[in-house]
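Novice: The structure file model_2.cif (mmCIF, C-alpha atoms and all ligand atoms) is provided below.
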data_input
loop_
_atom_site.label_atom_id
_atom_site.label_comp_id
_atom_site.auth_asym_id
_atom_site.auth_seq_id
_atom_site.Cartn_x
_atom_site.Cartn_y
_atom_site.Cartn_z
CA MET A 1 0.00 0.00 0.00
CA SER A 2 2.74 2.49 0.90
CA GLU A 3 4.14 2.51 -2.66
CA GLN A 4 0.82 3.55 -4.18
CA ALA A 5 0.42 7.15 -5.32
CA ILE A 6 -1.19 10.07 -3.52
CA GLY A 7 -4.29 11.27 -5.40
CA VAL A 8 -4.94 15.01 -5.63
CA PHE A 9 -7.83 16.72 -7.37
CA ASP A 10 -9.18 20.18 -8.01
CA SER A 11 -11.69 21.81 -10.31
CA GLY A 12 -8.81 22.96 -12.47
CA LEU A 13 -5.29 24.15 -12.00
CA GLY A 14 -5.41 25.62 -8.49
CA GLY A 15 -4.69 22.29 -6.82
CA LEU A 16 -1.28 22.32 -8.42
CA THR A 17 -0.24 24.81 -5.72
CA ALA A 18 -0.75 21.92 -3.29
CA VAL A 19 1.11 19.49 -5.57
CA LYS A 20 4.07 21.87 -5.65
CA GLU A 21 4.22 21.78 -1.86
CA LEU A 22 3.68 18.00 -1.73
CA ILE A 23 6.69 17.50 -3.99
CA LYS A 24 8.75 19.62 -1.56
CA VAL A 25 7.54 17.88 1.60
CA LEU A 26 7.32 14.30 0.24
CA PRO A 27 9.72 14.08 -2.72
CA GLN A 28 9.70 10.27 -2.69
CA GLU A 29 5.93 9.98 -3.26
CA ASN A 30 4.22 9.30 -6.58
CA ILE A 31 1.35 11.69 -7.24
CA VAL A 32 -1.69 11.37 -9.50
CA TYR A 33 -3.36 14.73 -10.15
CA PHE A 34 -6.77 15.24 -11.67
CA GLY A 35 -7.88 18.73 -12.75
CA ASP A 36 -11.48 18.94 -13.92
CA THR A 37 -10.57 21.63 -16.43
CA ALA A 38 -13.64 21.01 -18.59
CA ARG A 39 -15.98 21.92 -15.71
CA VAL A 40 -14.03 24.64 -13.87
CA PRO A 41 -15.11 26.74 -12.01
CA TYR A 42 -16.89 24.84 -9.26
CA GLY A 43 -17.14 27.84 -6.93
CA THR A 44 -20.18 29.38 -8.60
CA ARG A 45 -22.19 26.11 -8.83
CA SER A 46 -24.87 24.65 -6.59
CA ASP A 47 -23.93 22.44 -3.63
CA ALA A 48 -25.54 19.39 -5.29
CA THR A 49 -23.47 19.84 -8.45
CA ILE A 50 -20.23 20.39 -6.50
CA ARG A 51 -20.89 17.18 -4.50
CA ARG A 52 -21.57 15.16 -7.63
CA TYR A 53 -18.45 16.43 -9.39
CA ALA A 54 -16.32 15.85 -6.28
CA ARG A 55 -17.42 12.22 -5.99
CA GLN A 56 -16.70 11.61 -9.68
CA ASP A 57 -13.24 13.15 -9.28
CA ALA A 58 -12.50 11.00 -6.21
CA ASP A 59 -13.76 7.87 -8.00
CA PHE A 60 -11.38 8.55 -10.87
CA LEU A 61 -8.46 8.73 -8.43
CA LEU A 62 -9.63 5.54 -6.72
CA SER A 63 -9.58 3.84 -10.12
CA ARG A 64 -5.86 4.70 -10.23
CA GLY A 65 -5.33 2.84 -6.95
CA VAL A 66 -4.26 5.79 -4.78
CA LYS A 67 -3.55 5.40 -1.04
CA LEU A 68 -4.75 8.87 0.03
CA ILE A 69 -7.01 11.44 -1.59
CA ILE A 70 -6.56 15.18 -1.20
CA ALA A 71 -9.26 17.58 -2.36
CA ALA A 72 -6.92 20.47 -3.15
CA CYS A 73 -9.92 22.69 -3.66
CA GLY A 74 -11.44 25.01 -1.10
CA THR A 75 -14.84 24.69 -2.71
CA VAL A 76 -14.99 20.89 -2.63
CA SER A 77 -13.50 20.81 0.87
CA SER A 78 -16.18 23.21 2.08
CA VAL A 79 -19.21 21.67 0.40
CA ALA A 80 -18.61 17.92 -0.18
CA THR A 81 -17.85 17.14 3.48
CA GLU A 82 -19.34 13.65 3.12
CA LEU A 83 -16.09 12.58 1.42
CA TYR A 84 -14.58 12.28 4.90
CA ASP A 85 -16.91 9.38 5.69
CA THR A 86 -17.54 7.71 2.36
CA LEU A 87 -14.17 7.00 0.74
CA PRO A 88 -12.34 3.68 1.19
CA VAL A 89 -8.94 5.41 1.59
CA PRO A 90 -7.82 8.23 3.93
CA TYR A 91 -9.04 11.63 2.75
CA THR A 92 -8.45 15.27 3.54
CA GLY A 93 -9.67 18.57 2.20
CA VAL A 94 -7.93 21.90 2.75
CA VAL A 95 -10.19 23.49 5.37
CA ILE A 96 -9.06 21.75 8.56
CA PRO A 97 -5.28 22.14 8.12
CA THR A 98 -5.60 25.71 6.87
CA ALA A 99 -7.90 26.88 9.66
CA ALA A 100 -5.55 25.31 12.23
CA ALA A 101 -2.57 27.18 10.73
CA ALA A 102 -4.48 30.48 10.82
CA VAL A 103 -5.41 30.05 14.48
CA ASN A 104 -1.73 29.42 15.24
CA ALA A 105 -0.61 32.41 13.20
CA THR A 106 -2.89 35.17 14.48
CA ARG A 107 -1.57 37.49 17.17
CA ASN A 108 -4.44 39.98 17.39
CA GLY A 109 -7.30 37.47 16.93
CA LYS A 110 -8.52 38.98 13.64
CA ILE A 111 -8.44 36.53 10.74
CA GLY A 112 -9.60 37.20 7.18
CA ILE A 113 -10.88 34.45 4.89
CA ILE A 114 -11.11 34.72 1.12
CA GLY A 115 -12.46 32.01 -1.18
CA THR A 116 -14.97 31.25 -3.88
CA SER A 117 -18.62 32.18 -3.36
CA ALA A 118 -19.54 28.56 -2.47
CA THR A 119 -16.72 28.38 0.08
CA VAL A 120 -17.65 31.64 1.79
CA LYS A 121 -21.35 30.78 1.79
CA SER A 122 -20.59 27.49 3.54
CA CYS A 123 -18.70 29.31 6.37
CA SER A 124 -16.45 26.21 6.49
CA TYR A 125 -13.23 27.96 7.48
CA LYS A 126 -15.08 30.26 9.87
CA LYS A 127 -16.72 27.34 11.70
CA GLU A 128 -13.43 25.47 11.94
CA ILE A 129 -11.63 28.54 13.33
CA LEU A 130 -14.33 29.27 15.91
CA ARG A 131 -14.42 25.60 16.94
CA ARG A 132 -10.74 25.97 17.83
CA ASP A 133 -10.96 29.42 19.44
CA GLU A 134 -14.30 31.19 19.81
CA ARG A 135 -12.64 34.49 20.80
CA ILE A 136 -11.34 35.03 17.26
CA THR A 137 -13.05 37.57 15.02
CA VAL A 138 -13.44 36.34 11.45
CA TYR A 139 -13.91 38.47 8.34
CA GLN A 140 -15.04 36.70 5.15
CA GLN A 141 -15.07 37.85 1.55
CA ASP A 142 -15.79 35.89 -1.60
CA CYS A 143 -13.50 36.78 -4.50
CA PRO A 144 -15.03 35.18 -7.60
CA LEU A 145 -12.98 37.26 -10.03
CA PHE A 146 -9.66 35.93 -8.75
CA VAL A 147 -10.13 32.46 -10.31
CA PRO A 148 -10.64 33.64 -13.92
CA LEU A 149 -7.85 36.19 -13.51
CA VAL A 150 -5.43 33.44 -12.50
CA GLU A 151 -6.68 30.91 -15.07
CA ASN A 152 -6.14 33.56 -17.76
CA GLY A 153 -2.65 34.50 -16.65
CA PHE A 154 -3.37 37.85 -14.96
CA ILE A 155 -0.97 37.16 -12.13
CA ALA A 156 1.80 39.79 -12.09
CA ASP A 157 2.15 41.76 -8.84
CA ASP A 158 2.19 45.03 -10.80
CA ASP A 159 -0.74 44.19 -13.09
CA LYS A 160 -3.16 47.12 -12.72
CA ILE A 161 -6.24 44.92 -13.15
CA VAL A 162 -5.10 42.52 -10.44
CA GLN A 163 -4.28 45.42 -8.13
CA LEU A 164 -7.72 47.01 -8.64
CA VAL A 165 -9.58 43.75 -7.97
CA VAL A 166 -7.45 43.02 -4.90
CA GLU A 167 -8.22 46.46 -3.49
CA ARG A 168 -11.92 46.12 -4.25
CA TYR A 169 -12.18 42.79 -2.41
CA LEU A 170 -9.80 43.37 0.49
CA SER A 171 -10.25 47.02 1.52
CA ASP A 172 -12.76 46.21 4.30
CA MET A 173 -10.51 43.55 5.83
CA LYS A 174 -7.54 45.85 5.66
CA ALA A 175 -9.51 48.57 7.44
CA ALA A 176 -10.62 46.03 10.06
CA GLY A 177 -6.97 45.31 10.91
CA ILE A 178 -6.69 41.57 10.20
CA ASP A 179 -3.22 40.17 10.89
CA SER A 180 -3.72 36.84 9.07
CA LEU A 181 -5.49 36.01 5.82
CA ILE A 182 -6.53 32.54 4.70
CA LEU A 183 -6.10 32.06 0.95
CA GLY A 184 -9.05 29.69 1.05
CA CYS A 185 -8.99 28.82 -2.63
CA THR A 186 -6.02 26.99 -4.07
CA HIS A 187 -5.86 29.39 -7.02
CA PHE A 188 -5.11 32.36 -4.80
CA PRO A 189 -1.45 31.69 -3.83
CA ILE A 190 -0.60 32.52 -7.45
CA ILE A 191 -1.49 36.18 -6.77
CA ALA A 192 -0.17 36.20 -3.21
CA GLY A 193 2.39 38.87 -4.21
CA ALA A 194 -0.29 41.39 -5.19
CA ILE A 195 -2.37 40.55 -2.11
CA SER A 196 0.61 40.94 0.21
CA ASN A 197 1.67 44.22 -1.41
CA TYR A 198 -1.80 45.60 -0.75
CA LEU A 199 -2.26 44.34 2.82
CA GLY A 200 1.32 44.94 3.94
CA ARG A 201 4.00 42.59 5.21
CA ASP A 202 2.58 42.41 8.71
CA VAL A 203 -0.38 40.38 7.47
CA THR A 204 0.46 36.66 7.33
CA LEU A 205 -0.94 34.87 4.28
CA ILE A 206 -1.98 31.27 4.96
CA ASP A 207 -1.62 29.12 1.85
CA SER A 208 -4.20 26.29 1.87
CA GLY A 209 -2.16 24.15 -0.52
CA LYS A 210 0.96 24.34 1.60
CA GLU A 211 -0.77 23.63 4.91
CA THR A 212 -2.63 20.68 3.38
CA ALA A 213 0.58 19.15 2.01
CA LEU A 214 2.09 19.22 5.52
CA TYR A 215 -1.10 17.72 6.97
CA ALA A 216 -1.13 14.95 4.35
CA ALA A 217 2.44 14.04 5.27
CA ASN A 218 1.29 13.60 8.87
CA ILE A 219 -1.65 11.39 7.85
CA LEU A 220 0.61 9.11 5.83
CA GLY A 221 3.27 9.04 8.55
CA SER A 222 0.82 8.19 11.33
CA ARG A 223 -0.70 5.33 9.27
CA GLY A 224 2.60 3.85 8.15
CA LEU A 225 1.81 4.75 4.53
CA LEU A 226 4.89 6.79 3.61
CA SER A 227 6.79 5.48 0.59
CA GLN A 228 9.95 3.60 1.50
CA SER A 229 11.24 3.46 -2.08
CA GLY A 230 14.13 5.84 -1.49
CA THR A 231 13.77 7.17 -5.04
CA VAL A 232 12.25 10.41 -6.33
CA GLY A 233 8.53 10.02 -7.03
CA GLU A 234 6.76 10.69 -10.32
CA CYS A 235 3.74 12.86 -11.09
CA GLU A 236 1.01 11.97 -13.55
CA TYR A 237 -1.53 14.62 -14.54
CA PHE A 238 -5.02 13.99 -15.89
CA VAL A 239 -7.38 16.70 -17.14
CA SER A 240 -10.91 16.65 -18.52
CA ASP A 241 -10.26 19.39 -21.12
CA THR A 242 -7.37 19.67 -23.57
CA VAL A 243 -3.87 18.82 -22.47
CA GLU A 244 -2.31 21.67 -24.46
CA GLY A 245 -4.10 24.40 -22.52
CA PHE A 246 -3.24 22.67 -19.27
CA ARG A 247 0.48 22.30 -20.02
CA ARG A 248 0.98 26.02 -20.60
CA THR A 249 -0.60 27.27 -17.39
CA ALA A 250 0.39 24.33 -15.21
CA GLU A 251 4.00 25.39 -15.37
CA ILE A 252 3.12 28.69 -13.70
CA PHE A 253 1.44 26.86 -10.82
CA LEU A 254 4.04 24.13 -10.44
CA GLY A 255 7.22 26.01 -11.23
CA ARG A 256 8.26 23.01 -13.38
CA GLU A 257 7.42 21.42 -16.69
CA VAL A 258 4.58 18.93 -17.00
CA GLY A 259 5.99 17.52 -20.25
CA GLU A 260 4.51 14.27 -21.53
CA ASN A 261 3.05 13.31 -18.14
CA ALA A 262 -0.30 15.01 -18.84
CA ARG A 263 -3.23 13.09 -20.32
CA HIS A 264 -6.86 13.78 -21.17
CA ILE A 265 -9.68 11.70 -19.68
CA GLU A 266 -13.48 11.77 -19.97
CA ILE A 267 -15.00 12.16 -16.53
N1 LIG A 301 -9.43 25.91 -6.75
C1 LIG A 301 -10.81 26.06 -6.41
C2 LIG A 301 -10.95 26.26 -4.90
O1 LIG A 301 -10.01 26.08 -4.19
C3 LIG A 301 -11.44 27.27 -7.03
C4 LIG A 301 -11.80 27.24 -8.44
C5 LIG A 301 -13.26 26.99 -8.69
O2 LIG A 301 -14.13 27.83 -8.45
O3 LIG A 301 -13.49 25.92 -9.20
O4 LIG A 301 -11.98 26.60 -4.42
#
Would you kindly transcribe this structure into structure tokens?

Specialist:
Amino acid sequence: MSEQAIGVFDSGLGGLTAVKELIKVLPQENIVYFGDTARVPYGTRSDATIRRYARQDADFLLSRGVKLIIAACGTVSSVATELYDTLPVPYTGVVIPTAAAAVNATRNGKIGIIGTSATVKSCSYKKEILRRDERITVYQQDCPLFVPLVENGFIADDDKIVQLVVERYLSDMKAAGIDSLILGCTHFPIIAGAISNYLGRDVTLIDSGKETALYAANILGSRGLLSQSGTVGECEYFVSDTVEGFRRTAEIFLGREVGENARHIEI
């Protein structure tokens, strides 16, 4: 079992920010990634649709024989919570590890949360933070324009459009004096530079992909499922839309080439 791959999925490319961290934390592990690029975005869809898509994505990864499934998607993690109880392999979303990291990070007890509309509507991060410490004040904002900006390559820190949208979404939180901000959608770390420039260096950005990679390492370690191969793991990528479009943008998220390891599947 321990030599089987880790399965990671997202609605599109955002989950690759978690894969990038997984490769750093667990370089010996094989990874199978599925990006549902034909049906992205999930964040504006109904709960029933998000749940159905999430189960199909997980079933695809199960068909590849993975030992752990990570929903590297704030939206799925927030809405399809039944995955915790219904999958035959260990599973984690991004909400629990990310909320825990934010509670640890805050000094003034004011935490901001940004995510897709479905994520913010679910109050998933908020509930998880308050379960850990009810004295914390939470500020939430959905940022639906961030996902298409990132998917279309509007990511430079000095891009005027990115700066305007960041200011529009985050001005209230800035005025409220948050000292920590959860990037509750796995697409958002790609524009962390612009967000940080606007909020200032004193505000800690909590990257859901990174925190979830660390959490996944703990799950595998505690269950004796870490690879013992001693060799560098391989990554396979599957997408539901064209591979060409995926290859180009995936490199931005991963910081490395995807090459011939990307394949199309029908979901
Ligand atoms: N990466 C997804 C998330 O973390 C957002 C993209 C979408 O709306 O599908 O929520």

Novice: My list of candidates is A:Ala72, A:Tyr84, A:Arg132, A:Val79. Which is closest to Thr17 (chain A) when distances are computed with all atoms listed in the file?

Specialist: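 Going through A:Ala72, A:Tyr84, A:Arg132, A:Val79 one by one, the smallest distance to Thr17 (chain A) is for A:Ala72.
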
Novice: What is the CA of Leu199 (chain A)-CA of Ile182 (chain A) distance in Å, reported with one decimal?

Specialist: 12.7 Å

Novice: When the cut-off is 6 Å and you count all atoms listed in the file, which residues lie near ligand LIG 301 (chain A), shown as JSON, numbers by chain?

Specialist: {"A": [10, 11, 14, 15, 40, 41, 42, 43, 73, 74, 75, 116, 147, 185, 186, 187]}

Novice: Go ahead and write the residues just picked, C-alpha atoms, as a short mmCIF file (atom, residue, chain, number, x, y, z; two decimals), in the frame of the given file.

Specialist:
data_model
loop_
_atom_site.label_atom_id
_atom_site.label_comp_id
_atom_site.auth_asym_id
_atom_site.auth_seq_id
_atom_site.Cartn_x
_atom_site.Cartn_y
_atom_site.Cartn_z
CA ASP A 10 -9.18 20.18 -8.01
CA SER A 11 -11.69 21.81 -10.31
CA GLY A 14 -5.41 25.62 -8.49
CA GLY A 15 -4.69 22.29 -6.82
CA VAL A 40 -14.03 24.64 -13.87
CA PRO A 41 -15.11 26.74 -12.01
CA TYR A 42 -16.89 24.84 -9.26
CA GLY A 43 -17.14 27.84 -6.93
CA CYS A 73 -9.92 22.69 -3.66
CA GLY A 74 -11.44 25.01 -1.10
CA THR A 75 -14.84 24.69 -2.71
CA THR A 116 -14.97 31.25 -3.88
CA VAL A 147 -10.13 32.46 -10.31
CA CYS A 185 -8.99 28.82 -2.63
CA THR A 186 -6.02 26.99 -4.07
CA HIS A 187 -5.86 29.39 -7.02
#

Novice: Find the residues near Tyr33 (chain A): any atom within 6 Å, counting all atoms listed in the file, skip ones fewer than 2 places away on the same chain, and give them as a PyMOL selection string.

Specialist: chain A and resi 7-9+237

Novice: Quick one, how far is CA of Glu128 (chain A) from CA of Ile96 (chain A)?

Specialist: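 Calculated distance between CA of Glu128 (chain A) and CA of Ile96 (chain A) is 6.7 Å.
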
Novice: So that I can see what lies close to Met1 (chain A), please list as a PyMOL selection string the residues with an atom at most 10 Å from it, counting all atoms listed in the file and leaving out residues fewer than 6 positions away in the same chain.

Specialist: chain A and resi 65-67+224-227

Novice: Which distance in Å separates CA of Val138 (chain A) and CA of Ile178 (chain A), to one decimal?

Specialist: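 For CA of Val138 (chain A) relative to CA of Ile178 (chain A), the distance reads 8.6 Å.
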
Novice: Which residues come within 9 Å of Asn261 (chain A), counting only C-alpha atoms, excluding same-chain residues fewer than 3 positions away, as a list in words?

Specialist: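 Within the cut-off, the hits are Cys235, Glu236, Tyr237, Phe238 and Val258 of chain A.
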
Novice: Mind writing the picked residues with C-alpha atoms as a compact mmCIF listing (two decimals), in the coordinates of the input?

Specialist:
# COMPACT_ATOMS: atom_id res chain seq x y z
CA CYS A 235 3.74 12.86 -11.09
CA GLU A 236 1.01 11.97 -13.55
CA TYR A 237 -1.53 14.62 -14.54
CA PHE A 238 -5.02 13.99 -15.89
CA VAL A 258 4.58 18.93 -17.00

Novice: Ranking A:Ile267, A:Ile70, A:Ala48, A:Leu254 by minimum distance to Ser240 (chain A) and counting only C-alpha atoms, which one comes first?

Specialist: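 Of the candidates, the smallest distance to Ser240 (chain A) is held by A:Ile267.
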
Novice: Determine, counting all atoms listed in the file, which protein, DNA and RNA residues have an atom within 9 Å of an atom of Leu170 (chain A); residues of the same chain fewer than 6 positions away are not included. Present the result as a PyMOL selection string.

Specialist: chain A and resi 114+141+195+198-199

Novice: Please determine the residues with any atom at most 12 Å from (-5.7, 11.7, -19.1) (coordinates as given in the file, with only C-alpha atoms counting) and report them as a ChimeraX atom specification.

Specialist: /A:32-37,60-61,64,236-244,246,260-267

Novice: Print the selection's residues with C-alpha atoms to a file, as a compact mmCIF listing (two decimals), in the frame of the given file.

Specialist:
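Everything below was put into result-v2.txt:
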# COMPACT_ATOMS: atom_id res chain seq x y z
CA VAL A 32 -1.69 11.37 -9.50
CA TYR A 33 -3.36 14.73 -10.15
CA PHE A 34 -6.77 15.24 -11.67
CA GLY A 35 -7.88 18.73 -12.75
CA ASP A 36 -11.48 18.94 -13.92
CA THR A 37 -10.57 21.63 -16.43
CA PHE A 60 -11.38 8.55 -10.87
CA LEU A 61 -8.46 8.73 -8.43
CA ARG A 64 -5.86 4.70 -10.23
CA GLU A 236 1.01 11.97 -13.55
CA TYR A 237 -1.53 14.62 -14.54
CA PHE A 238 -5.02 13.99 -15.89
CA VAL A 239 -7.38 16.70 -17.14
CA SER A 240 -10.91 16.65 -18.52
CA ASP A 241 -10.26 19.39 -21.12
CA THR A 242 -7.37 19.67 -23.57
CA VAL A 243 -3.87 18.82 -22.47
CA GLU A 244 -2.31 21.67 -24.46
CA PHE A 246 -3.24 22.67 -19.27
CA GLU A 260 4.51 14.27 -21.53
CA ASN A 261 3.05 13.31 -18.14
CA ALA A 262 -0.30 15.01 -18.84
CA ARG A 263 -3.23 13.09 -20.32
CA HIS A 264 -6.86 13.78 -21.17
CA ILE A 265 -9.68 11.70 -19.68
CA GLU A 266 -13.48 11.77 -19.97
CA ILE A 267 -15.00 12.16 -16.53

Novice: Choose the residue, out of A:Arg256, A:Lys210, A:Lys110, A:Lys126, that has the smallest atom-to-atom separation from Gly177 (chain A); count all atoms listed in the file.

Specialist: A:Lys110

Novice: Dump as a ChimeraX atom specification all residues having an atom at most 12 Å from (2.9, 37.0, -15.1), computed in the file's coordinates with all atoms listed in the file.

Specialist: /A:149-159,162,190-191,193-194,249,251-253

Novice: Pick the closest to Tyr215 (chain A) from A:Gly12, A:Pro97, A:Gly259, A:Pro90: which is it, counting all atoms listed in the file?

Specialist: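 Closest candidate: A:Pro97.
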
Novice: Considering all atoms listed in the file, return as a tab-separated table (two decimals) with C-alpha atoms, in the coordinates of the input whatever protein or nucleic-acid residues lie within 12 Å of Leu130 (chain A), sequence-local ones (same chain, fewer than 4 positions apart) excluded.

Specialist:
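Below is the file out15.tsv, written as the result:
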chain	number	residue	atom	x	y	z
A	96	ILE	CA	-9.06	21.75	8.56
A	99	ALA	CA	-7.90	26.88	9.66
A	100	ALA	CA	-5.55	25.31	12.23
A	102	ALA	CA	-4.48	30.48	10.82
A	103	VAL	CA	-5.41	30.05	14.48
A	109	GLY	CA	-7.30	37.47	16.93
A	110	LYS	CA	-8.52	38.98	13.64
A	111	ILE	CA	-8.44	36.53	10.74
A	123	CYS	CA	-18.70	29.31	6.37
A	124	SER	CA	-16.45	26.21	6.49
A	125	TYR	CA	-13.23	27.96	7.48
A	126	LYS	CA	-15.08	30.26	9.87
A	134	GLU	CA	-14.30	31.19	19.81
A	135	ARG	CA	-12.64	34.49	20.80
A	136	ILE	CA	-11.34	35.03	17.26
A	137	THR	CA	-13.05	37.57	15.02
A	138	VAL	CA	-13.44	36.34	11.45
A	139	TYR	CA	-13.91	38.47	8.34

Novice: Could you check the closest approach to Ala54 (chain A) for each of A:Arg131, A:Arg223, A:Lys121, A:Arg39 and tell me which residue wins, using all atoms listed in the file?

Specialist: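 Using all atoms listed in the file, the shortest distance to Ala54 (chain A) belongs to A:Arg39.
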